[in-house]
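Visitor: Structure file final.cif (mmCIF, C-alpha atoms and all ligand atoms) right here:
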```cif
data_start
loop_
_atom_site.label_atom_id
_atom_site.label_comp_id
_atom_site.auth_asym_id
_atom_site.auth_seq_id
_atom_site.Cartn_x
_atom_site.Cartn_y
_atom_site.Cartn_z
CA MET A 7 -94.13 -87.90 -107.45
CA THR A 8 -92.49 -89.33 -104.41
CA THR A 9 -93.49 -90.31 -100.93
CA SER A 10 -91.26 -87.58 -99.46
CA SER A 11 -93.55 -84.96 -98.07
CA GLU A 12 -94.22 -81.70 -99.85
CA SER A 13 -92.64 -79.87 -96.92
CA GLU A 14 -89.33 -81.76 -97.34
CA TRP A 15 -89.21 -80.79 -101.03
CA ALA A 16 -90.09 -77.17 -100.19
CA ARG A 17 -87.35 -77.03 -97.54
CA ALA A 18 -84.81 -78.50 -99.95
CA VAL A 19 -85.61 -75.87 -102.58
CA LYS A 20 -85.47 -73.05 -100.02
CA VAL A 21 -82.13 -74.20 -98.59
CA ILE A 22 -80.53 -74.54 -102.04
CA ASP A 23 -81.99 -71.22 -103.21
CA GLY A 24 -80.52 -69.46 -100.18
CA ALA A 25 -77.07 -71.07 -100.25
CA SER A 26 -73.89 -69.28 -101.35
CA GLN A 27 -72.16 -72.62 -101.85
CA VAL A 28 -73.61 -76.08 -102.48
CA CYS A 29 -71.48 -79.23 -102.05
CA LEU A 30 -72.47 -82.43 -103.85
CA ALA A 31 -71.40 -85.99 -103.03
CA CYS A 32 -72.29 -89.49 -104.20
CA HIS A 33 -71.46 -92.96 -102.92
CA VAL A 34 -68.00 -94.52 -103.23
CA ARG A 35 -67.12 -96.60 -106.30
CA PRO A 36 -69.94 -94.71 -108.01
CA ASP A 37 -72.27 -96.30 -110.54
CA ALA A 38 -74.08 -94.33 -113.24
CA ASP A 39 -77.02 -93.51 -110.97
CA ALA A 40 -74.79 -92.01 -108.28
CA LEU A 41 -72.34 -90.14 -110.52
CA GLY A 42 -74.88 -89.31 -113.25
CA SER A 43 -77.38 -87.81 -110.80
CA MET A 44 -74.66 -85.79 -109.09
CA LEU A 45 -73.19 -84.48 -112.35
CA ALA A 46 -76.69 -83.60 -113.57
CA MET A 47 -77.20 -81.48 -110.45
CA LEU A 48 -73.74 -79.94 -110.91
CA HIS A 49 -74.71 -78.83 -114.42
CA ALA A 50 -78.18 -77.76 -113.31
CA LEU A 51 -76.94 -75.52 -110.50
CA GLY A 52 -74.35 -74.05 -112.85
CA THR A 53 -77.01 -72.93 -115.32
CA ARG A 54 -79.38 -71.40 -112.78
CA PRO A 55 -81.19 -68.30 -113.82
CA GLY A 56 -80.47 -65.38 -111.52
CA GLY A 57 -76.93 -66.27 -110.57
CA ALA A 58 -75.44 -69.63 -109.67
CA PRO A 59 -74.10 -70.56 -106.24
CA SER A 60 -70.59 -71.99 -106.26
CA VAL A 61 -70.78 -75.76 -106.53
CA VAL A 62 -68.31 -78.42 -105.38
CA ALA A 63 -68.83 -82.07 -106.36
CA SER A 64 -66.95 -85.21 -105.39
CA PHE A 65 -67.08 -88.77 -104.09
CA GLY A 66 -65.08 -90.25 -101.26
CA ASP A 67 -62.74 -92.67 -103.00
CA GLU A 68 -59.02 -92.34 -102.23
CA PRO A 69 -57.31 -92.69 -104.65
CA PHE A 70 -59.87 -90.62 -106.53
CA GLU A 71 -60.55 -92.54 -109.71
CA ILE A 72 -63.48 -92.23 -112.12
CA PRO A 73 -64.72 -95.71 -113.17
CA ALA A 74 -63.63 -96.23 -116.78
CA ILE A 75 -67.12 -96.99 -118.10
CA LEU A 76 -68.44 -93.65 -116.78
CA ARG A 77 -65.80 -91.49 -118.46
CA PHE A 78 -68.24 -90.47 -121.20
CA LEU A 79 -70.35 -88.47 -118.73
CA PRO A 80 -70.05 -84.70 -119.19
CA GLY A 81 -68.54 -82.58 -116.40
CA LEU A 82 -65.93 -84.93 -114.91
CA GLU A 83 -63.32 -82.19 -115.21
CA LEU A 84 -65.40 -80.14 -112.77
CA LEU A 85 -65.05 -82.69 -109.95
CA THR A 86 -62.91 -81.99 -106.87
CA PRO A 87 -60.97 -84.84 -105.20
CA PRO A 88 -62.02 -85.43 -101.56
CA ASP A 89 -58.94 -83.71 -100.10
CA GLY A 90 -60.13 -80.44 -101.65
CA TYR A 91 -63.68 -80.79 -100.31
CA PRO A 92 -64.91 -78.32 -97.65
CA ALA A 93 -64.66 -79.85 -94.17
CA GLN A 94 -67.88 -78.17 -93.06
CA PRO A 95 -70.16 -77.49 -96.03
CA GLU A 96 -72.92 -74.93 -95.63
CA VAL A 97 -75.28 -77.11 -97.70
CA MET A 98 -74.46 -80.64 -98.85
CA LEU A 99 -76.42 -82.95 -101.16
CA SER A 100 -75.90 -86.73 -101.05
CA PHE A 101 -76.80 -88.87 -104.07
CA ASP A 102 -77.69 -92.59 -104.06
CA ALA A 103 -76.12 -93.38 -100.68
CA GLY A 104 -78.31 -95.58 -98.47
CA SER A 105 -76.31 -94.75 -95.35
CA ILE A 106 -73.82 -92.01 -94.44
CA ASP A 107 -70.79 -94.36 -94.41
CA ARG A 108 -71.34 -95.02 -98.14
CA LEU A 109 -69.87 -91.51 -98.66
CA GLY A 110 -66.43 -92.88 -97.72
CA ALA A 111 -63.97 -90.03 -97.12
CA LEU A 112 -66.86 -87.53 -97.42
CA THR A 113 -68.69 -89.02 -94.41
CA TRP A 114 -67.07 -86.44 -92.12
CA PRO A 115 -68.06 -83.36 -94.18
CA ALA A 116 -71.58 -84.84 -94.33
CA GLU A 117 -71.71 -85.13 -90.54
CA ALA A 118 -70.47 -81.54 -90.19
CA ALA A 119 -72.68 -79.97 -92.89
CA GLY A 120 -75.09 -77.17 -91.91
CA GLU A 121 -77.81 -78.84 -93.98
CA LEU A 122 -77.54 -82.33 -95.46
CA ILE A 123 -80.07 -83.05 -98.21
CA VAL A 124 -80.30 -86.78 -98.96
CA LEU A 125 -81.55 -87.94 -102.37
CA ASP A 126 -81.91 -91.71 -102.39
CA HIS A 127 -84.08 -94.72 -103.18
CA HIS A 128 -82.80 -97.45 -100.82
CA ALA A 129 -85.52 -98.99 -98.64
CA SER A 130 -82.94 -99.31 -95.86
CA ASN A 131 -82.26 -95.55 -95.83
CA ALA A 132 -83.08 -94.36 -92.32
CA GLY A 133 -82.97 -90.68 -93.37
CA PHE A 134 -79.48 -89.59 -92.33
CA GLY A 135 -79.93 -86.03 -93.61
CA THR A 136 -81.46 -82.91 -92.15
CA ILE A 137 -83.73 -83.03 -95.21
CA ASN A 138 -84.58 -86.43 -96.70
CA LEU A 139 -85.80 -86.85 -100.27
CA VAL A 140 -85.94 -90.62 -100.02
CA ASP A 141 -88.35 -92.78 -102.00
CA PRO A 142 -87.86 -96.57 -102.04
CA ALA A 143 -90.41 -96.78 -104.88
CA ALA A 144 -88.27 -94.59 -107.15
CA ALA A 145 -86.55 -96.58 -109.89
CA ALA A 146 -83.36 -94.56 -109.49
CA THR A 147 -81.93 -91.63 -107.56
CA ALA A 148 -81.96 -89.95 -110.99
CA VAL A 149 -85.78 -89.77 -110.72
CA LEU A 150 -85.46 -87.76 -107.50
CA ALA A 151 -82.67 -85.60 -108.93
CA ALA A 152 -84.90 -84.83 -111.94
CA GLU A 153 -87.72 -83.82 -109.61
CA LEU A 154 -85.40 -81.51 -107.67
CA VAL A 155 -84.16 -79.91 -110.90
CA ASP A 156 -87.80 -79.33 -111.89
CA ARG A 157 -88.73 -77.92 -108.51
CA LEU A 158 -85.75 -75.53 -108.63
CA GLY A 159 -87.24 -74.22 -111.88
CA ILE A 160 -84.17 -75.23 -113.91
CA PRO A 161 -84.90 -76.22 -117.54
CA LEU A 162 -83.36 -79.51 -118.72
CA THR A 163 -80.31 -79.26 -120.95
CA GLU A 164 -78.48 -82.06 -122.79
CA GLN A 165 -75.77 -82.09 -120.14
CA ILE A 166 -78.28 -82.41 -117.30
CA ALA A 167 -80.27 -85.03 -119.20
CA LEU A 168 -77.30 -87.26 -120.06
CA GLY A 169 -76.36 -87.93 -116.43
CA LEU A 170 -79.97 -88.52 -115.43
CA TYR A 171 -80.59 -90.82 -118.39
CA ALA A 172 -77.45 -92.88 -117.62
CA GLY A 173 -78.70 -93.32 -114.04
CA LEU A 174 -82.19 -94.28 -115.20
CA VAL A 175 -80.88 -96.82 -117.73
CA THR A 176 -78.53 -98.42 -115.20
CA ASP A 177 -80.92 -98.79 -112.28
CA THR A 178 -83.82 -100.07 -114.41
CA GLY A 179 -81.55 -102.60 -116.18
CA SER A 180 -82.20 -100.75 -119.46
CA PHE A 181 -85.93 -100.36 -118.69
CA LYS A 182 -86.30 -104.10 -118.01
CA PHE A 183 -86.83 -104.27 -114.24
CA SER A 184 -90.23 -104.15 -112.53
CA ALA A 185 -89.61 -100.60 -111.25
CA THR A 186 -89.94 -99.39 -114.87
CA THR A 187 -93.25 -97.56 -114.51
CA PRO A 188 -95.05 -95.38 -117.05
CA ALA A 189 -93.61 -92.39 -115.15
CA VAL A 190 -90.08 -93.75 -115.75
CA HIS A 191 -90.73 -93.87 -119.49
CA GLU A 192 -92.26 -90.38 -119.35
CA LEU A 193 -89.11 -89.06 -117.67
CA ALA A 194 -86.97 -90.90 -120.22
CA ALA A 195 -88.99 -89.24 -122.98
CA ARG A 196 -88.38 -85.78 -121.49
CA LEU A 197 -84.66 -86.51 -121.20
CA LEU A 198 -84.42 -87.78 -124.80
CA ALA A 199 -86.31 -84.71 -126.01
CA THR A 200 -83.30 -82.58 -125.04
CA GLY A 201 -81.44 -84.23 -127.93
CA ILE A 202 -79.26 -86.80 -126.15
CA ASP A 203 -78.49 -90.04 -128.03
CA PRO A 204 -79.62 -93.20 -126.17
CA GLY A 205 -77.40 -95.28 -128.46
CA VAL A 206 -74.30 -93.54 -127.11
CA VAL A 207 -75.34 -94.19 -123.50
CA SER A 208 -76.05 -97.91 -123.99
CA ARG A 209 -72.91 -98.41 -126.07
CA GLU A 210 -70.73 -96.76 -123.42
CA LEU A 211 -72.40 -98.54 -120.50
CA TYR A 212 -72.98 -102.03 -121.91
CA ASP A 213 -71.82 -102.64 -125.43
CA ARG A 214 -68.09 -102.14 -125.31
CA ALA A 215 -65.04 -103.61 -123.57
CA PRO A 216 -61.37 -104.15 -124.41
CA PHE A 217 -60.46 -107.57 -125.89
CA SER A 218 -58.79 -108.56 -122.61
CA TYR A 219 -62.22 -108.47 -120.92
CA LEU A 220 -63.09 -111.70 -122.75
CA GLY A 221 -60.25 -113.46 -120.91
CA LEU A 222 -61.42 -112.10 -117.56
CA LEU A 223 -65.00 -113.16 -118.32
CA ALA A 224 -63.88 -116.62 -119.47
CA ALA A 225 -61.94 -117.13 -116.21
CA ALA A 226 -64.92 -116.03 -114.10
CA LEU A 227 -67.45 -118.12 -116.06
CA GLY A 228 -65.09 -121.10 -116.03
CA ARG A 229 -65.10 -121.26 -112.25
CA ALA A 230 -68.81 -120.48 -111.76
CA ARG A 231 -70.45 -122.90 -109.36
CA LEU A 232 -74.12 -123.89 -109.34
CA GLU A 233 -75.56 -125.02 -106.01
CA PRO A 234 -79.14 -126.08 -106.77
CA GLU A 235 -79.89 -127.05 -103.15
CA ALA A 236 -78.83 -123.66 -101.74
CA ALA A 237 -81.35 -120.98 -100.73
CA ARG A 238 -83.76 -123.70 -99.59
CA GLY A 239 -83.70 -125.32 -102.98
CA LEU A 240 -84.14 -122.10 -104.99
CA GLY A 241 -80.55 -122.35 -106.15
CA LEU A 242 -77.38 -120.26 -105.99
CA ILE A 243 -74.84 -119.50 -108.72
CA TRP A 244 -71.61 -117.81 -107.78
CA THR A 245 -68.14 -117.01 -109.03
CA THR A 246 -65.10 -114.88 -108.33
CA VAL A 247 -63.01 -112.31 -110.18
CA THR A 248 -59.57 -112.28 -108.59
CA ARG A 249 -56.82 -109.67 -108.57
CA GLY A 250 -54.89 -112.12 -110.74
CA ASP A 251 -57.67 -112.19 -113.37
CA ARG A 252 -57.66 -108.41 -113.51
CA ALA A 253 -53.87 -108.14 -113.57
CA LYS A 254 -53.73 -110.53 -116.53
CA ALA A 255 -56.36 -108.47 -118.36
CA GLY A 256 -54.91 -105.12 -117.23
CA LEU A 257 -58.37 -104.06 -116.01
CA GLY A 258 -59.77 -102.21 -113.00
CA LEU A 259 -62.45 -103.42 -110.66
CA ASP A 260 -65.21 -101.66 -112.58
CA ALA A 261 -64.52 -103.90 -115.59
CA ALA A 262 -65.81 -106.83 -113.50
CA GLU A 263 -69.19 -105.16 -112.85
CA SER A 264 -70.93 -106.83 -115.78
CA VAL A 265 -69.97 -110.40 -114.82
CA ILE A 266 -73.02 -110.59 -112.55
CA ASP A 267 -75.28 -109.89 -115.53
CA GLU A 268 -73.84 -112.92 -117.33
CA ILE A 269 -74.37 -115.41 -114.51
CA ARG A 270 -77.66 -114.16 -113.06
CA ARG A 271 -79.66 -115.41 -116.02
CA THR A 272 -79.02 -119.03 -114.98
CA ASP A 273 -82.40 -120.80 -114.82
CA GLU A 274 -81.43 -123.11 -111.97
CA ALA A 275 -80.58 -120.29 -109.55
CA GLU A 276 -82.76 -117.65 -107.87
CA VAL A 277 -79.64 -115.98 -106.45
CA ALA A 278 -76.40 -114.94 -108.17
CA VAL A 279 -73.23 -113.77 -106.45
CA VAL A 280 -69.96 -112.38 -107.82
CA LEU A 281 -67.06 -111.82 -105.43
CA LYS A 282 -64.59 -109.29 -106.85
CA GLU A 283 -61.16 -108.85 -105.27
CA ASP A 284 -60.14 -105.20 -105.20
CA ASP A 285 -56.57 -103.85 -105.35
CA ALA A 286 -56.30 -103.93 -101.55
CA GLY A 287 -57.38 -107.58 -101.38
CA THR A 288 -60.87 -106.83 -100.02
CA TRP A 289 -63.74 -108.71 -101.67
CA GLN A 290 -66.48 -106.50 -103.14
CA VAL A 291 -69.51 -108.73 -103.33
CA SER A 292 -72.47 -108.25 -105.70
CA MET A 293 -75.71 -110.17 -105.14
CA ARG A 294 -78.79 -110.40 -107.35
CA SER A 295 -82.08 -112.28 -107.06
CA LYS A 296 -84.91 -112.85 -109.49
CA SER A 297 -88.17 -112.65 -107.57
CA LEU A 298 -88.18 -114.25 -104.13
CA VAL A 299 -85.07 -113.70 -102.04
CA ASP A 300 -84.40 -110.31 -100.39
CA VAL A 301 -80.67 -109.97 -101.07
CA GLY A 302 -80.72 -106.43 -99.63
CA ALA A 303 -81.56 -107.87 -96.21
CA ILE A 304 -78.80 -110.47 -96.52
CA CYS A 305 -76.20 -107.88 -97.54
CA SER A 306 -77.34 -105.55 -94.74
CA SER A 307 -76.71 -108.24 -92.17
CA LEU A 308 -73.22 -108.70 -93.67
CA GLY A 309 -72.43 -104.99 -93.26
CA GLY A 310 -73.50 -103.79 -96.73
CA GLY A 311 -76.88 -102.94 -98.16
CA GLY A 312 -78.90 -102.40 -101.30
CA HIS A 313 -82.24 -103.25 -102.82
CA ALA A 314 -84.32 -106.44 -102.61
CA ARG A 315 -83.11 -107.68 -106.01
CA ALA A 316 -79.64 -106.02 -106.21
CA ALA A 317 -77.32 -105.53 -103.29
CA GLY A 318 -73.72 -105.77 -102.13
CA PHE A 319 -71.24 -105.74 -99.30
CA SER A 320 -67.48 -105.60 -98.68
CA PHE A 321 -65.64 -108.47 -97.01
CA ALA A 322 -62.03 -108.31 -95.89
CA GLY A 323 -62.05 -111.39 -93.67
CA SER A 324 -59.12 -112.34 -91.50
CA ALA A 325 -57.87 -115.05 -93.86
CA GLY A 326 -57.36 -112.90 -96.97
CA GLY A 327 -57.24 -114.15 -100.57
CA ALA A 328 -59.26 -117.12 -101.75
CA SER A 329 -60.13 -118.37 -98.27
CA ALA A 330 -61.71 -114.99 -97.41
CA ALA A 331 -63.91 -115.47 -100.49
CA ASP A 332 -64.82 -118.93 -99.18
CA ASP A 333 -65.73 -117.41 -95.81
CA ALA A 334 -67.93 -114.82 -97.52
CA ILE A 335 -69.78 -117.43 -99.58
CA THR A 336 -70.22 -119.62 -96.48
CA ALA A 337 -71.82 -116.68 -94.66
CA ILE A 338 -74.09 -116.05 -97.66
CA ARG A 339 -75.12 -119.73 -97.85
CA ARG A 340 -76.03 -119.75 -94.19
CA LEU A 341 -78.21 -116.63 -94.50
CA LEU A 342 -79.85 -117.96 -97.68
CA ASP A 343 -80.82 -121.07 -95.76
CA GLY A 344 -82.24 -118.92 -92.96
CA ARG A 345 -79.68 -120.23 -90.49
P1 LIG B 401 -73.45 -103.62 -107.27
O1 LIG B 401 -73.56 -105.09 -107.09
O2 LIG B 401 -72.11 -103.09 -106.92
O3 LIG B 401 -73.96 -103.18 -108.61
O4 LIG B 401 -74.42 -103.00 -106.19
C1 LIG B 401 -75.80 -103.22 -106.21
C2 LIG B 401 -76.45 -102.35 -105.15
O5 LIG B 401 -76.03 -102.83 -103.88
C3 LIG B 401 -76.01 -100.91 -105.18
O6 LIG B 401 -76.89 -100.13 -105.94
C4 LIG B 401 -76.07 -100.51 -103.75
O7 LIG B 401 -77.40 -100.19 -103.44
C5 LIG B 401 -75.76 -101.75 -102.98
N1 LIG B 401 -74.39 -101.94 -102.49
C6 LIG B 401 -73.34 -102.48 -103.17
N2 LIG B 401 -72.25 -102.55 -102.41
C7 LIG B 401 -72.58 -102.05 -101.20
C8 LIG B 401 -71.88 -101.85 -99.96
N3 LIG B 401 -70.59 -102.20 -99.79
N4 LIG B 401 -72.57 -101.28 -98.93
C9 LIG B 401 -73.87 -100.94 -99.08
N5 LIG B 401 -74.58 -101.11 -100.20
C10 LIG B 401 -73.97 -101.65 -101.26
MN MN B 402 -75.70 -96.78 -106.69
MN MN B 403 -79.44 -96.11 -107.46
#
```
I need this file expressed as structure tokens, please.
Ligand code: AMP
Ligand code: MN
Ligand code: MN
Guide:
Amino acid sequence: MTTSSESEWARAVKVIDGASQVCLACHVRPDADALGSMLAMLHALGTRPGGAPSVVASFGDEPFEIPAILRFLPGLELLTPPDGYPAQPEVMLSFDAGSIDRLGALTWPAEAAGELIVLDHHASNAGFGTINLVDPAAAATAVLAAELVDRLGIPLTEQIALGLYAGLVTDTGSFKFSATTPAVHELAARLLATGIDPGVVSRELYDRAPFSYLGLLAAALGRARLEPEAARGLGLIWTTVTRGDRAKAGLGLDAAESVIDEIRRTDEAEVAVVLKEDDAGTWQVSMRSKSLVDVGAICSSLGGGGHARAAGFSFAGSAGGASAADDAITAIRRLLDGR
């Protein structure tokens, strides 16, 4: 159950039941929770008893590129690039976006939508929809998507379950984080009971990479810096993944996602940061903490957002290149010290 009121859930069900077309969207540079939850709903609405509404699903990245590690998810061929998305959807559902601007190119359709149903679990979410299914205690948006599927009376299929399970695995750190409640395991059990293979999901998400990834990882680990005095003595570890690293490895930005999981285990640091340079030269910054520092608050004040223990922001800076990364880490250091 969630903290969203019964009346919000009832309104969401009524609006979806009465719609002739439903448009789905998730946040830019989608992770498995965003894309998996959205694809699950795409499959669910397509299998509705008593006639399906037409469904459009997308995310607002231009160019429209599916992150390589998510290409095992079923239903990608059903996605519509943002330029084919209705400008004024009758009913729109937003997945895993903490604020409307996280929808990128789909921000404008969201603002124009007749009804905007927001499914999300960011504490910072101010409720930017006309109907808000927002629960900061939920381990993943997939938990809320599963509840909506249930409330719509749609039985789980393997296709629905796979997207939801991928989201659940990702946002709980493979059932390791503190948000992994008994209810999370109960949902996981229901999803597995459809017949999906958890081994396939973990192998696709975590246990594979091209050989060239080792070179990228070695470069990033080689320049990792430990600052034990930072964060008021709690310690900071940080590194970068540059465009040059990725060019050498022939890899996209999503290949750098797992670098943070390598450095965040460092005993001497409460906070870990990876600055990843995207193809346009903007730094996409990932922050993690172990138990004390609210990195979501820090990223929010730097124009991004996220959760207390996992958050991020984008930083273009005026300098560009390596000195923009230096500026970003300087800003982080200052906020970590409470200055
Ligand atoms: P990541 O480090 O990319 O895995 O992101 C961790 C979490 O931080 C995500 O689940 C989002 O909640 C949030 N986040 C990352 N980047 C941004 C951003 N640019 N703006 C707002 N929130 C972000
Ligand atoms: Mn997400
Ligand atoms: Mn999420």
Visitor: Sort by chain and increasing residue number a table of all residues of chain A within 6 Å of ligand MN 402 (chain B), each with its closest pair of atoms and their distance in Å to one decimal, counting only C-alpha atoms and all ligand atoms, and write it as CSV.
Guide:
```
residue,atom,partner,partner_atom,distance
A:Asp37,CA,B:MN402,MN,5.2
A:Asp39,CA,B:MN402,MN,5.5
A:Ala40,CA,B:MN402,MN,5.1
A:Asp102,CA,B:MN402,MN,5.3
```
Visitor: Would you list the residues that come within 8 Å of ligand LIG 401 (chain B)? Count only C-alpha atoms and all ligand atoms and give the answer as JSON, numbers by chain.
Guide: {"A": [37, 102, 103, 104, 105, 108, 128, 177, 263, 266, 290, 291, 292, 293, 294, 302, 305, 306, 309, 310, 311, 312, 313, 316, 317, 318, 319, 320]}
Visitor: Any chance you can output those residues with C-alpha atoms as a JSON list (two decimals), in the frame of the given file?
Guide:
```json
[["chain", "number", "residue", "atom", "x", "y", "z"],
["A", 37, "ASP", "CA", -72.27, -96.30, -110.54],
["A", 102, "ASP", "CA", -77.69, -92.59, -104.06],
["A", 103, "ALA", "CA", -76.12, -93.38, -100.68],
["A", 104, "GLY", "CA", -78.31, -95.58, -98.47],
["A", 105, "SER", "CA", -76.31, -94.75, -95.35],
["A", 108, "ARG", "CA", -71.34, -95.02, -98.14],
["A", 128, "HIS", "CA", -82.80, -97.45, -100.82],
["A", 177, "ASP", "CA", -80.92, -98.79, -112.28],
["A", 263, "GLU", "CA", -69.19, -105.16, -112.85],
["A", 266, "ILE", "CA", -73.02, -110.59, -112.55],
["A", 290, "GLN", "CA", -66.48, -106.50, -103.14],
["A", 291, "VAL", "CA", -69.51, -108.73, -103.33],
["A", 292, "SER", "CA", -72.47, -108.25, -105.70],
["A", 293, "MET", "CA", -75.71, -110.17, -105.14],
["A", 294, "ARG", "CA", -78.79, -110.40, -107.35],
["A", 302, "GLY", "CA", -80.72, -106.43, -99.63],
["A", 305, "CYS", "CA", -76.20, -107.88, -97.54],
["A", 306, "SER", "CA", -77.34, -105.55, -94.74],
["A", 309, "GLY", "CA", -72.43, -104.99, -93.26],
["A", 310, "GLY", "CA", -73.50, -103.79, -96.73],
["A", 311, "GLY", "CA", -76.88, -102.94, -98.16],
["A", 312, "GLY", "CA", -78.90, -102.40, -101.30],
["A", 313, "HIS", "CA", -82.24, -103.25, -102.82],
["A", 316, "ALA", "CA", -79.64, -106.02, -106.21],
["A", 317, "ALA", "CA", -77.32, -105.53, -103.29],
["A", 318, "GLY", "CA", -73.72, -105.77, -102.13],
["A", 319, "PHE", "CA", -71.24, -105.74, -99.30],
["A", 320, "SER", "CA", -67.48, -105.60, -98.68]]
```
Visitor: Smallest atom-to-atom distance to ligand MN 403 (chain B): which of A:Ala74, A:Leu112, A:Ala63, A:Leu125, using all atoms listed in the file?
Guide: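 Of all the options, A:Leu125 lies closest to ligand MN 403 (chain B).
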Visitor: When you count all atoms listed in the file, which of these residues is closest to Ser13 (chain A): A:Val247, A:Leu76, A:Ile137, A:Val299?
Guide: A:Ile137
Visitor: Separation of CA of Ala224 (chain A) and CA of Ser180 (chain A), in Å?
Guide: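 So the two atoms, CA of Ala224 (chain A) and CA of Ser180 (chain A), lie 24.2 Å apart.
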